[in-house]
file run.txt (compact mmCIF, C-alpha atoms and all ligand atoms)
# COMPACT_ATOMS: atom_id res chain seq x y z
CA ALA A 1 0.00 0.00 0.00
CA ALA A 2 1.07 3.56 -0.72
CA GLU A 3 2.86 5.90 1.63
CA VAL A 4 0.40 8.58 2.73
CA ILE A 5 1.67 12.14 2.40
CA TYR A 6 0.12 14.22 5.16
CA GLY A 7 0.10 17.87 4.13
CA LYS A 8 -1.23 18.70 7.56
CA GLN A 9 1.94 17.62 9.35
CA LEU A 10 4.18 19.33 6.80
CA ALA A 11 2.07 22.49 7.06
CA GLU A 12 2.54 22.51 10.84
CA ASP A 13 6.31 22.11 10.50
CA LEU A 14 6.55 24.90 7.93
CA ARG A 15 4.40 27.25 10.00
CA GLU A 16 6.67 26.66 12.99
CA GLU A 17 9.63 27.75 10.83
CA MET A 18 7.66 30.79 9.62
CA LYS A 19 6.81 31.78 13.18
CA GLN A 20 10.52 32.02 13.90
CA GLU A 21 11.12 33.95 10.70
CA VAL A 22 8.40 36.45 11.62
CA ALA A 23 9.99 36.92 15.06
CA VAL A 24 13.34 37.70 13.41
CA LEU A 25 11.65 40.19 11.05
CA HIS A 26 9.98 41.88 14.04
CA GLU A 27 13.43 42.45 15.54
CA LYS A 28 14.38 44.21 12.33
CA GLY A 29 11.27 46.40 12.57
CA VAL A 30 9.40 44.58 9.78
CA HIS A 31 5.87 43.47 10.65
CA PRO A 32 4.47 41.34 7.83
CA LYS A 33 0.78 42.04 7.40
CA LEU A 34 -1.94 40.37 5.36
CA VAL A 35 -5.22 42.12 4.59
CA VAL A 36 -8.12 39.90 3.57
CA VAL A 37 -11.17 41.49 1.99
CA ILE A 38 -14.48 39.66 1.84
CA ILE A 39 -17.66 40.90 0.17
CA GLY A 40 -21.01 39.43 1.19
CA GLU A 41 -22.11 36.64 3.48
CA ASP A 42 -21.20 33.36 1.73
CA PRO A 43 -20.66 30.89 4.62
CA ALA A 44 -17.90 28.89 2.87
CA SER A 45 -15.97 32.09 2.00
CA LYS A 46 -16.41 33.34 5.56
CA SER A 47 -14.98 30.16 6.99
CA TYR A 48 -12.02 30.28 4.55
CA VAL A 49 -11.10 33.84 5.53
CA LYS A 50 -11.41 33.02 9.24
CA GLY A 51 -8.98 30.14 8.67
CA LYS A 52 -6.52 32.44 6.91
CA GLN A 53 -6.72 34.99 9.70
CA ARG A 54 -6.30 32.43 12.45
CA ALA A 55 -3.28 30.92 10.69
CA SER A 56 -1.68 34.38 10.33
CA GLU A 57 -2.15 35.16 14.00
CA LYS A 58 -0.72 31.80 15.04
CA ILE A 59 2.62 32.61 13.44
CA GLY A 60 2.61 36.10 14.95
CA MET A 61 1.77 37.84 11.69
CA ASP A 62 -0.51 40.87 11.59
CA SER A 63 -3.74 40.36 9.71
CA ASP A 64 -6.76 42.54 9.05
CA LEU A 65 -10.12 41.34 7.87
CA ILE A 66 -12.22 43.86 5.97
CA GLU A 67 -15.83 42.74 5.66
CA LEU A 68 -17.90 44.58 3.07
CA SER A 69 -21.60 44.32 2.37
CA GLU A 70 -23.00 42.53 -0.67
CA GLU A 71 -24.05 45.99 -1.99
CA THR A 72 -20.48 47.35 -2.18
CA SER A 73 -19.89 48.81 -5.64
CA GLU A 74 -17.02 47.83 -7.89
CA GLN A 75 -15.62 51.37 -7.63
CA GLU A 76 -15.70 51.29 -3.82
CA LEU A 77 -13.78 48.03 -3.86
CA LEU A 78 -11.25 49.39 -6.38
CA ASP A 79 -10.77 52.51 -4.20
CA LEU A 80 -10.13 50.30 -1.17
CA ILE A 81 -7.55 48.25 -3.10
CA HIS A 82 -5.79 51.43 -4.21
CA ARG A 83 -5.57 52.58 -0.58
CA LEU A 84 -4.15 49.20 0.47
CA ASN A 85 -1.66 49.33 -2.42
CA GLN A 86 -0.40 52.70 -1.12
CA ASP A 87 -0.27 51.63 2.54
CA ASP A 88 3.34 50.72 3.43
CA THR A 89 2.24 48.70 6.46
CA VAL A 90 0.29 46.28 4.21
CA HIS A 91 2.28 43.57 2.44
CA GLY A 92 -0.27 41.06 1.24
CA ILE A 93 -3.72 41.83 -0.23
CA LEU A 94 -6.22 39.05 -0.80
CA VAL A 95 -9.75 39.53 -2.07
CA GLN A 96 -11.72 36.38 -1.32
CA LEU A 97 -13.30 35.01 -4.49
CA PRO A 98 -15.94 34.71 -5.77
CA VAL A 99 -17.06 38.36 -5.61
CA PRO A 100 -20.73 39.27 -6.21
CA GLU A 101 -22.02 39.24 -9.82
CA HIS A 102 -21.93 43.05 -10.27
CA ILE A 103 -18.17 43.15 -9.64
CA SER A 104 -15.63 41.96 -12.21
CA ASP A 105 -13.21 39.57 -10.53
CA GLN A 106 -10.67 40.18 -13.29
CA LYS A 107 -10.74 43.95 -12.70
CA ILE A 108 -10.23 43.39 -8.98
CA ILE A 109 -7.34 40.97 -9.50
CA GLU A 110 -5.64 43.40 -11.89
CA ALA A 111 -6.06 46.33 -9.47
CA ILE A 112 -3.93 44.66 -6.79
CA ASP A 113 -0.28 45.74 -6.75
CA PRO A 114 1.57 42.71 -8.22
CA GLY A 115 4.11 43.08 -5.39
CA LYS A 116 1.31 42.48 -2.86
CA ASP A 117 -0.56 39.85 -4.86
CA VAL A 118 -0.02 36.98 -2.43
CA ASP A 119 -2.63 34.80 -4.19
CA GLY A 120 -0.50 34.98 -7.35
CA PHE A 121 -3.51 35.64 -9.59
CA HIS A 122 -2.39 38.93 -11.17
CA PRO A 123 -1.60 38.47 -14.90
CA GLU A 124 1.85 39.95 -14.32
CA ASN A 125 2.66 37.24 -11.78
CA ALA A 126 1.02 34.55 -13.93
CA GLY A 127 3.21 35.75 -16.82
CA ARG A 128 6.32 35.67 -14.69
CA MET A 129 5.53 32.09 -13.71
CA LEU A 130 4.90 31.20 -17.37
CA THR A 131 8.33 32.54 -18.31
CA GLY A 132 10.03 30.63 -15.50
CA GLN A 133 10.77 33.59 -13.22
CA ASP A 134 10.46 33.72 -9.47
CA THR A 135 7.26 35.39 -8.29
CA PHE A 136 4.21 34.79 -6.10
CA PHE A 137 2.90 31.38 -7.14
CA PRO A 138 -0.78 30.51 -6.57
CA CYS A 139 -1.00 28.90 -3.15
CA THR A 140 -2.57 25.50 -3.88
CA PRO A 141 -0.26 24.63 -6.82
CA TYR A 142 2.73 25.93 -4.88
CA GLY A 143 1.71 23.84 -1.86
CA ILE A 144 1.57 20.74 -4.07
CA MET A 145 5.09 21.42 -5.35
CA VAL A 146 6.41 21.81 -1.80
CA MET A 147 4.69 18.56 -0.75
CA LEU A 148 6.34 16.68 -3.63
CA GLU A 149 9.71 18.20 -2.82
CA ARG A 150 9.52 17.42 0.89
CA ALA A 151 8.43 13.83 0.12
CA ASP A 152 11.61 13.52 -1.99
CA ILE A 153 9.69 13.00 -5.21
CA ASP A 154 11.79 14.21 -8.10
CA VAL A 155 9.52 15.38 -10.94
CA GLU A 156 12.21 15.85 -13.58
CA GLY A 157 11.52 13.72 -16.64
CA LYS A 158 8.39 12.23 -15.08
CA HIS A 159 5.05 12.20 -16.82
CA ALA A 160 2.67 14.37 -14.79
CA VAL A 161 -0.99 14.08 -15.74
CA ILE A 162 -3.29 16.76 -14.34
CA ILE A 163 -7.05 16.47 -14.34
CA GLY A 164 -8.28 20.06 -14.41
CA ARG A 165 -7.34 23.27 -16.22
CA SER A 166 -8.67 26.05 -14.01
CA ASN A 167 -6.67 29.26 -13.53
CA LEU A 168 -6.72 28.53 -9.80
CA VAL A 169 -5.28 25.00 -9.74
CA GLY A 170 -4.95 22.96 -12.94
CA LYS A 171 -3.11 25.41 -15.21
CA PRO A 172 -0.65 26.79 -12.66
CA VAL A 173 0.26 23.38 -11.21
CA GLY A 174 1.00 22.18 -14.76
CA GLN A 175 3.17 25.23 -15.34
CA LEU A 176 5.14 24.73 -12.12
CA LEU A 177 5.71 21.05 -12.98
CA LEU A 178 6.85 22.00 -16.49
CA ASN A 179 9.24 24.55 -14.98
CA LYS A 180 10.73 21.62 -13.01
CA ASN A 181 11.17 19.61 -16.23
CA ALA A 182 8.23 17.24 -15.91
CA THR A 183 6.40 16.12 -19.06
CA VAL A 184 2.91 17.52 -18.59
CA THR A 185 -0.50 16.42 -19.86
CA HIS A 186 -3.71 18.27 -18.97
CA CYS A 187 -7.02 16.44 -18.98
CA HIS A 188 -10.31 18.28 -18.61
CA SER A 189 -14.06 17.89 -19.04
CA ARG A 190 -13.77 17.48 -22.84
CA THR A 191 -10.98 14.92 -22.69
CA LYS A 192 -11.85 11.63 -24.35
CA ASP A 193 -10.97 8.36 -22.64
CA LEU A 194 -9.66 9.86 -19.41
CA LYS A 195 -8.35 6.53 -18.15
CA SER A 196 -6.01 6.05 -21.11
CA HIS A 197 -4.25 9.25 -19.98
CA THR A 198 -4.27 8.73 -16.23
CA LYS A 199 -2.84 5.22 -16.68
CA GLN A 200 0.29 6.83 -18.20
CA ALA A 201 0.92 9.10 -15.20
CA ASP A 202 3.95 8.82 -12.96
CA ILE A 203 2.43 11.73 -11.06
CA LEU A 204 -1.35 12.10 -11.15
CA ILE A 205 -2.84 15.37 -9.91
CA VAL A 206 -6.60 15.37 -9.61
CA ALA A 207 -8.30 18.77 -9.38
CA ALA A 208 -11.74 18.36 -10.90
CA GLY A 209 -14.16 18.73 -8.00
CA ARG A 210 -15.82 15.40 -8.88
CA PRO A 211 -15.92 12.92 -5.99
CA GLY A 212 -14.85 9.42 -7.01
CA LEU A 213 -13.67 10.51 -10.48
CA VAL A 214 -10.45 8.54 -10.04
CA SER A 215 -10.12 5.10 -8.49
CA GLY A 216 -7.44 2.42 -8.38
CA GLU A 217 -8.17 1.27 -11.92
CA HIS A 218 -7.11 4.70 -13.27
CA VAL A 219 -3.74 4.61 -11.52
CA LYS A 220 -0.49 3.15 -12.83
CA GLU A 221 1.38 0.84 -10.44
CA GLY A 222 3.75 2.94 -8.32
CA ALA A 223 2.35 6.34 -9.34
CA VAL A 224 2.16 9.37 -7.03
CA VAL A 225 -1.44 10.51 -6.56
CA ILE A 226 -2.23 14.03 -5.37
CA ASP A 227 -5.91 14.62 -4.60
CA VAL A 228 -6.79 18.33 -4.69
CA GLY A 229 -10.55 17.88 -4.72
CA VAL A 230 -12.66 19.16 -1.85
CA ASN A 231 -16.22 17.88 -1.97
CA ARG A 232 -18.90 17.53 0.63
CA VAL A 233 -20.71 14.20 0.32
CA ASP A 234 -23.36 13.35 2.92
CA GLY A 235 -21.89 16.05 5.17
CA LYS A 236 -18.38 14.56 4.96
CA LEU A 237 -15.33 16.09 3.26
CA THR A 238 -13.98 13.94 0.48
CA GLY A 239 -11.58 14.33 -2.40
CA ASP A 240 -11.85 13.37 -6.09
CA VAL A 241 -9.98 10.09 -5.59
CA ASP A 242 -11.31 6.87 -4.15
CA PHE A 243 -8.57 6.67 -1.52
CA GLU A 244 -8.97 3.00 -0.57
CA SER A 245 -8.62 1.53 -4.07
CA ALA A 246 -6.00 4.05 -5.28
CA LYS A 247 -3.76 3.49 -2.27
CA GLU A 248 -3.37 -0.20 -3.20
CA VAL A 249 -1.78 0.76 -6.52
CA ALA A 250 0.03 4.06 -5.86
CA SER A 251 3.45 4.53 -4.26
CA HIS A 252 2.39 7.79 -2.58
CA ILE A 253 -1.03 9.34 -2.05
CA THR A 254 -2.49 12.40 -0.31
CA PRO A 255 -5.62 12.05 1.83
CA VAL A 256 -8.61 14.40 2.04
CA PRO A 257 -8.82 16.01 4.54
CA LYS A 258 -5.28 16.54 5.98
CA GLY A 259 -3.67 16.49 2.53
CA VAL A 260 -3.32 19.41 0.12
CA GLY A 261 -5.78 21.67 1.97
CA PRO A 262 -3.57 22.74 4.90
CA MET A 263 -0.70 23.51 2.50
CA THR A 264 -2.73 26.18 0.70
CA ILE A 265 -2.94 28.56 3.66
CA THR A 266 0.67 27.77 4.54
CA MET A 267 1.84 29.03 1.15
CA LEU A 268 -0.30 32.15 1.58
CA LEU A 269 1.62 32.89 4.78
CA HIS A 270 4.87 32.17 2.94
CA ASN A 271 3.95 34.59 0.14
CA THR A 272 3.03 37.34 2.61
CA ILE A 273 6.37 37.02 4.41
CA LYS A 274 8.10 37.08 1.03
CA ALA A 275 6.20 40.25 0.05
CA ALA A 276 7.16 41.97 3.32
CA LYS A 277 10.82 41.08 2.81
CA GLN A 278 10.76 42.40 -0.76
CA ILE A 279 8.99 45.64 0.15
CA HIS A 280 11.39 46.36 3.03
CA ARG A 281 14.42 44.93 1.19
CA VAL A 282 15.54 42.59 3.97
P1 LIG B 1 -13.00 24.25 -11.39
O1 LIG B 1 -14.40 23.79 -11.30
O2 LIG B 1 -12.68 25.65 -11.73
O3 LIG B 1 -12.22 23.33 -12.44
C1 LIG B 1 -12.44 21.95 -12.50
C2 LIG B 1 -11.65 21.39 -13.69
O4 LIG B 1 -11.86 19.99 -13.75
C3 LIG B 1 -12.06 21.97 -15.02
O5 LIG B 1 -10.88 22.36 -15.74
C4 LIG B 1 -12.78 20.83 -15.72
O6 LIG B 1 -12.52 20.81 -17.12
C5 LIG B 1 -12.20 19.60 -15.06
N1 LIG B 1 -13.19 18.52 -14.97
C6 LIG B 1 -14.41 18.57 -14.39
N2 LIG B 1 -15.03 17.39 -14.53
C7 LIG B 1 -14.19 16.57 -15.18
C8 LIG B 1 -14.28 15.22 -15.64
N3 LIG B 1 -15.37 14.50 -15.42
N4 LIG B 1 -13.22 14.72 -16.30
C9 LIG B 1 -12.11 15.45 -16.54
N5 LIG B 1 -11.99 16.74 -16.12
C10 LIG B 1 -13.02 17.29 -15.47
O7 LIG B 1 -12.36 23.85 -9.98
P2 LIG B 1 -10.97 24.32 -9.29
O8 LIG B 1 -11.13 25.66 -8.72
O9 LIG B 1 -9.84 24.05 -10.22
O10 LIG B 1 -10.92 23.27 -8.10
C11 LIG B 1 -10.85 21.88 -8.35
C12 LIG B 1 -11.10 21.13 -7.06
O11 LIG B 1 -10.06 21.44 -6.14
C13 LIG B 1 -12.39 21.47 -6.35
O12 LIG B 1 -12.88 20.33 -5.69
C14 LIG B 1 -11.97 22.50 -5.34
O13 LIG B 1 -12.83 22.52 -4.21
C15 LIG B 1 -10.62 21.97 -4.96
N6 LIG B 1 -9.70 22.98 -4.44
C16 LIG B 1 -9.01 22.66 -3.32
C17 LIG B 1 -8.11 23.55 -2.78
C18 LIG B 1 -7.36 23.18 -1.57
O14 LIG B 1 -6.78 24.02 -0.92
N7 LIG B 1 -7.29 21.90 -1.22
C19 LIG B 1 -7.92 24.79 -3.38
C20 LIG B 1 -8.62 25.09 -4.54
C21 LIG B 1 -9.51 24.17 -5.06
call {"tool": "encode", "arguments": {"input": "run.txt", "output": "structure tokens"}}
result
Amino acid sequence: AAEVIYGKQLAEDLREEMKQEVAVLHEKGVHPKLVVVIIGEDPASKSYVKGKQRASEKIGMDSDLIELSEETSEQELLDLIHRLNQDDTVHGILVQLPVPEHISDQKIIEAIDPGKDVDGFHPENAGRMLTGQDTFFPCTPYGIMVMLERADIDVEGKHAVIIGRSNLVGKPVGQLLLNKNATVTHCHSRTKDLKSHTKQADILIVAAGRPGLVSGEHVKEGAVVIDVGVNRVDGKLTGDVDFESAKEVASHITPVPKGVGPMTITMLLHNTIKAAKQIHRV
């Protein structure tokens, strides 16, 4: 049976290191600060931003939560972002998506100073990643790369098959793997004969949001399986992969929960510290 890669444990270890790094920055007069903006009352979004804030506080990092009403206009939100861009005490700006219908998420993303774009969604940062430069990488894909690295899985020359092509997960994780010299295939909802592709994967990344999409029969013997999916089925959190059958075939596998999820917030903290260090040139 496969070795289980627990992102949760790794996330805790990394956050402990970050806590020490923040303490050192404080001594130098640098106080990394994340500002999270949420518009409206969506319960899932509210719980995500609470999690981000709690994680920031736990490592001694400053964090502000700005809660705006559903009726906030696009211009009001843009004005707020401009103020945060100008504010030297703010290093990371995150607008929780999705935003209400009357606001363009693309306009909002592009208004954020790329140097404070700790989600890594700004086209300038996406372009930097595309061209192989260092920048703020989107947190979930970046967390996956760190998990692979810390589990001593070398991706160079390996065939990585990714199910999913969203701007949030699928595309950027493929790009990061390509930058590390993997051979990358993207599957998506229009892909024909999914199994013929997944069976070729040395590294299989599943980010579709479809519970049970992948089971043991889709997995090549000895493959690494990373389950990004977060689904609620009968009140229980579950991934996209049938863990029990896949684990019999894979060499490594991530569980849901306690897998990729905790790494996402960890990389957000990492990006905010990085932004603070860049802005203050330490
Ligand atoms: P999305 O809905 O934007 O994209 C899903 C992708 O999967 C699409 O590209 C689609 O083409 C593909 N797809 C859907 N059904 C498919 C099928 N039957 N066969 C092949 N491809 C199929 O979702 P997303 O934002 O990329 O998120 C994907 C999943 O990852 C979701 O479950 C989401 O909740 C989860 N997620 C987890 C984290 C985390 O921190 N763990 C972060 C972000 C997203």
call {"tool": "atom_distance", "arguments": {"input": "run.txt", "atom1": "CA of Leu77 (chain A)", "atom2": "CA of Ile108 (chain A)"}}
result
7.8 Å
call {"tool": "closest_residue", "arguments": {"input": "run.txt", "among": "A:Lys52, A:Ala111, A:Leu177, A:Glu71", "to": "ligand LIG 1 (chain B)", "atoms": "all atoms listed in the file"}}
result
A:Lys52
call {"tool": "closest_atom_pairs", "arguments": {"input": "run.txt", "of": "chain A", "to": "ligand LIG 1 (chain B)", "cutoff": "9 Å", "atoms": "all atoms listed in the file", "output": "tab-separated table"}}
result
residue	atom	partner	partner_atom	distance
A:Cys139	CA	B:LIG1	O14	7.9
A:Thr140	CA	B:LIG1	O14	5.4
A:Pro141	CA	B:LIG1	C19	8.4
A:Gly143	CA	B:LIG1	O14	8.5
A:Ile162	CA	B:LIG1	N5	8.9
A:Ile163	CA	B:LIG1	N5	5.3
A:Gly164	CA	B:LIG1	O4	3.6
A:Arg165	CA	B:LIG1	O5	3.7
A:Ser166	CA	B:LIG1	O9	4.4
A:Asn167	CA	B:LIG1	O9	6.9
A:Leu168	CA	B:LIG1	O8	5.4
A:Val169	CA	B:LIG1	O9	4.7
A:Gly170	CA	B:LIG1	O9	5.7
A:Lys171	CA	B:LIG1	O5	8.4
A:His186	CA	B:LIG1	O5	8.9
A:Cys187	CA	B:LIG1	C9	5.7
A:His188	CA	B:LIG1	N5	3.4
A:Ser189	CA	B:LIG1	N5	3.8
A:Arg190	CA	B:LIG1	O6	6.7
A:Thr191	CA	B:LIG1	C9	6.3
A:Lys192	CA	B:LIG1	C9	8.7
A:Leu194	CA	B:LIG1	C9	6.7
A:Val206	CA	B:LIG1	C12	7.7
A:Ala207	CA	B:LIG1	C11	4.2
A:Ala208	CA	B:LIG1	O4	3.3
A:Gly209	CA	B:LIG1	O12	3.1
A:Arg210	CA	B:LIG1	N2	6.0
A:Pro211	CA	B:LIG1	O12	8.0
A:Leu213	CA	B:LIG1	N3	6.6
A:Asp227	CA	B:LIG1	O11	8.1
A:Val228	CA	B:LIG1	O11	4.7
A:Gly229	CA	B:LIG1	O12	3.5
A:Val230	CA	B:LIG1	O12	4.0
A:Asn231	CA	B:LIG1	O12	5.6
A:Thr238	CA	B:LIG1	O12	9.0
A:Gly239	CA	B:LIG1	O12	7.0
A:Asp240	CA	B:LIG1	O12	7.0
A:Val256	CA	B:LIG1	N7	8.3
A:Pro257	CA	B:LIG1	N7	8.4
A:Gly259	CA	B:LIG1	N7	7.5
A:Val260	CA	B:LIG1	N7	4.9
A:Gly261	CA	B:LIG1	N7	3.5
A:Pro262	CA	B:LIG1	O14	6.8
A:Met263	CA	B:LIG1	O14	7.0
A:Thr264	CA	B:LIG1	O14	4.9
A:Ile265	CA	B:LIG1	O14	7.5
call {"tool": "closest_residue", "arguments": {"input": "run.txt", "among": "A:Glu12, A:Glu156, A:Asp87, A:Asp62", "to": "Lys258 (chain A)", "atoms": "all atoms listed in the file"}}
result
A:Glu12
call {"tool": "atom_distance", "arguments": {"input": "run.txt", "atom1": "CA of Gly115 (chain A)", "atom2": "CA of Ile81 (chain A)"}}
result
13.0 Å
call {"tool": "closest_residue", "arguments": {"input": "run.txt", "among": "A:Gly29, A:Gly235, A:Gly120, A:Gly212", "to": "Ala276 (chain A)", "atoms": "all atoms listed in the file"}}
result
A:Gly29
call {"tool": "residues_near_point", "arguments": {"input": "run.txt", "point": "(-15.7, 36.1, 3.8)", "cutoff": "9 Å", "atoms": "only C-alpha atoms", "output": "MDAnalysis selection string"}}
result
chainID A and resid 36:50 65:68 96:97
call {"tool": "atom_distance", "arguments": {"input": "run.txt", "atom1": "CA of Glu149 (chain A)", "atom2": "CA of Lys274 (chain A)"}}
result
19.3 Å
call {"tool": "closest_residue", "arguments": {"input": "run.txt", "among": "A:Val173, A:Ala201, A:Met18, A:Val146", "to": "Lys158 (chain A)", "atoms": "all atoms listed in the file"}}
result
A:Ala201
call {"tool": "decode", "arguments": {"input": "run.txt", "residues": "region 218-229 of chain A", "atoms": "N, CA and C atoms", "output": "PDB file, in the first residue's frame"}}
result
ATOM      1  N   HIS A 218      -7.653   3.607 -12.436  1.00  0.00           N
ATOM      2  CA  HIS A 218      -7.109   4.698 -13.268  1.00  0.00           C
ATOM      3  C   HIS A 218      -5.621   4.918 -13.025  1.00  0.00           C
ATOM      4  N   VAL A 219      -5.083   4.257 -12.015  1.00  0.00           N
ATOM      5  CA  VAL A 219      -3.745   4.613 -11.524  1.00  0.00           C
ATOM      6  C   VAL A 219      -2.727   3.571 -11.966  1.00  0.00           C
ATOM      7  N   LYS A 220      -1.584   4.057 -12.461  1.00  0.00           N
ATOM      8  CA  LYS A 220      -0.487   3.149 -12.833  1.00  0.00           C
ATOM      9  C   LYS A 220       0.200   2.655 -11.566  1.00  0.00           C
ATOM     10  N   GLU A 221       0.645   1.417 -11.580  1.00  0.00           N
ATOM     11  CA  GLU A 221       1.375   0.840 -10.445  1.00  0.00           C
ATOM     12  C   GLU A 221       2.555   1.745 -10.064  1.00  0.00           C
ATOM     13  N   GLY A 222       2.613   2.148  -8.794  1.00  0.00           N
ATOM     14  CA  GLY A 222       3.745   2.942  -8.319  1.00  0.00           C
ATOM     15  C   GLY A 222       3.643   4.441  -8.571  1.00  0.00           C
ATOM     16  N   ALA A 223       2.508   4.907  -9.063  1.00  0.00           N
ATOM     17  CA  ALA A 223       2.352   6.337  -9.337  1.00  0.00           C
ATOM     18  C   ALA A 223       2.161   7.139  -8.035  1.00  0.00           C
ATOM     19  N   VAL A 224       2.421   8.439  -8.132  1.00  0.00           N
ATOM     20  CA  VAL A 224       2.163   9.367  -7.025  1.00  0.00           C
ATOM     21  C   VAL A 224       0.816  10.031  -7.299  1.00  0.00           C
ATOM     22  N   VAL A 225      -0.098   9.957  -6.347  1.00  0.00           N
ATOM     23  CA  VAL A 225      -1.442  10.506  -6.559  1.00  0.00           C
ATOM     24  C   VAL A 225      -1.688  11.672  -5.597  1.00  0.00           C
ATOM     25  N   ILE A 226      -1.949  12.834  -6.171  1.00  0.00           N
ATOM     26  CA  ILE A 226      -2.231  14.030  -5.371  1.00  0.00           C
ATOM     27  C   ILE A 226      -3.696  14.401  -5.589  1.00  0.00           C
ATOM     28  N   ASP A 227      -4.466  14.360  -4.531  1.00  0.00           N
ATOM     29  CA  ASP A 227      -5.911  14.620  -4.602  1.00  0.00           C
ATOM     30  C   ASP A 227      -6.195  16.041  -4.113  1.00  0.00           C
ATOM     31  N   VAL A 228      -6.545  16.919  -5.040  1.00  0.00           N
ATOM     32  CA  VAL A 228      -6.795  18.326  -4.690  1.00  0.00           C
ATOM     33  C   VAL A 228      -8.271  18.568  -4.387  1.00  0.00           C
ATOM     34  N   GLY A 229      -9.109  17.677  -4.830  1.00  0.00           N
ATOM     35  CA  GLY A 229     -10.553  17.883  -4.720  1.00  0.00           C
ATOM     36  C   GLY A 229     -11.032  18.081  -3.295  1.00  0.00           C
TER      37      GLY A 229
END
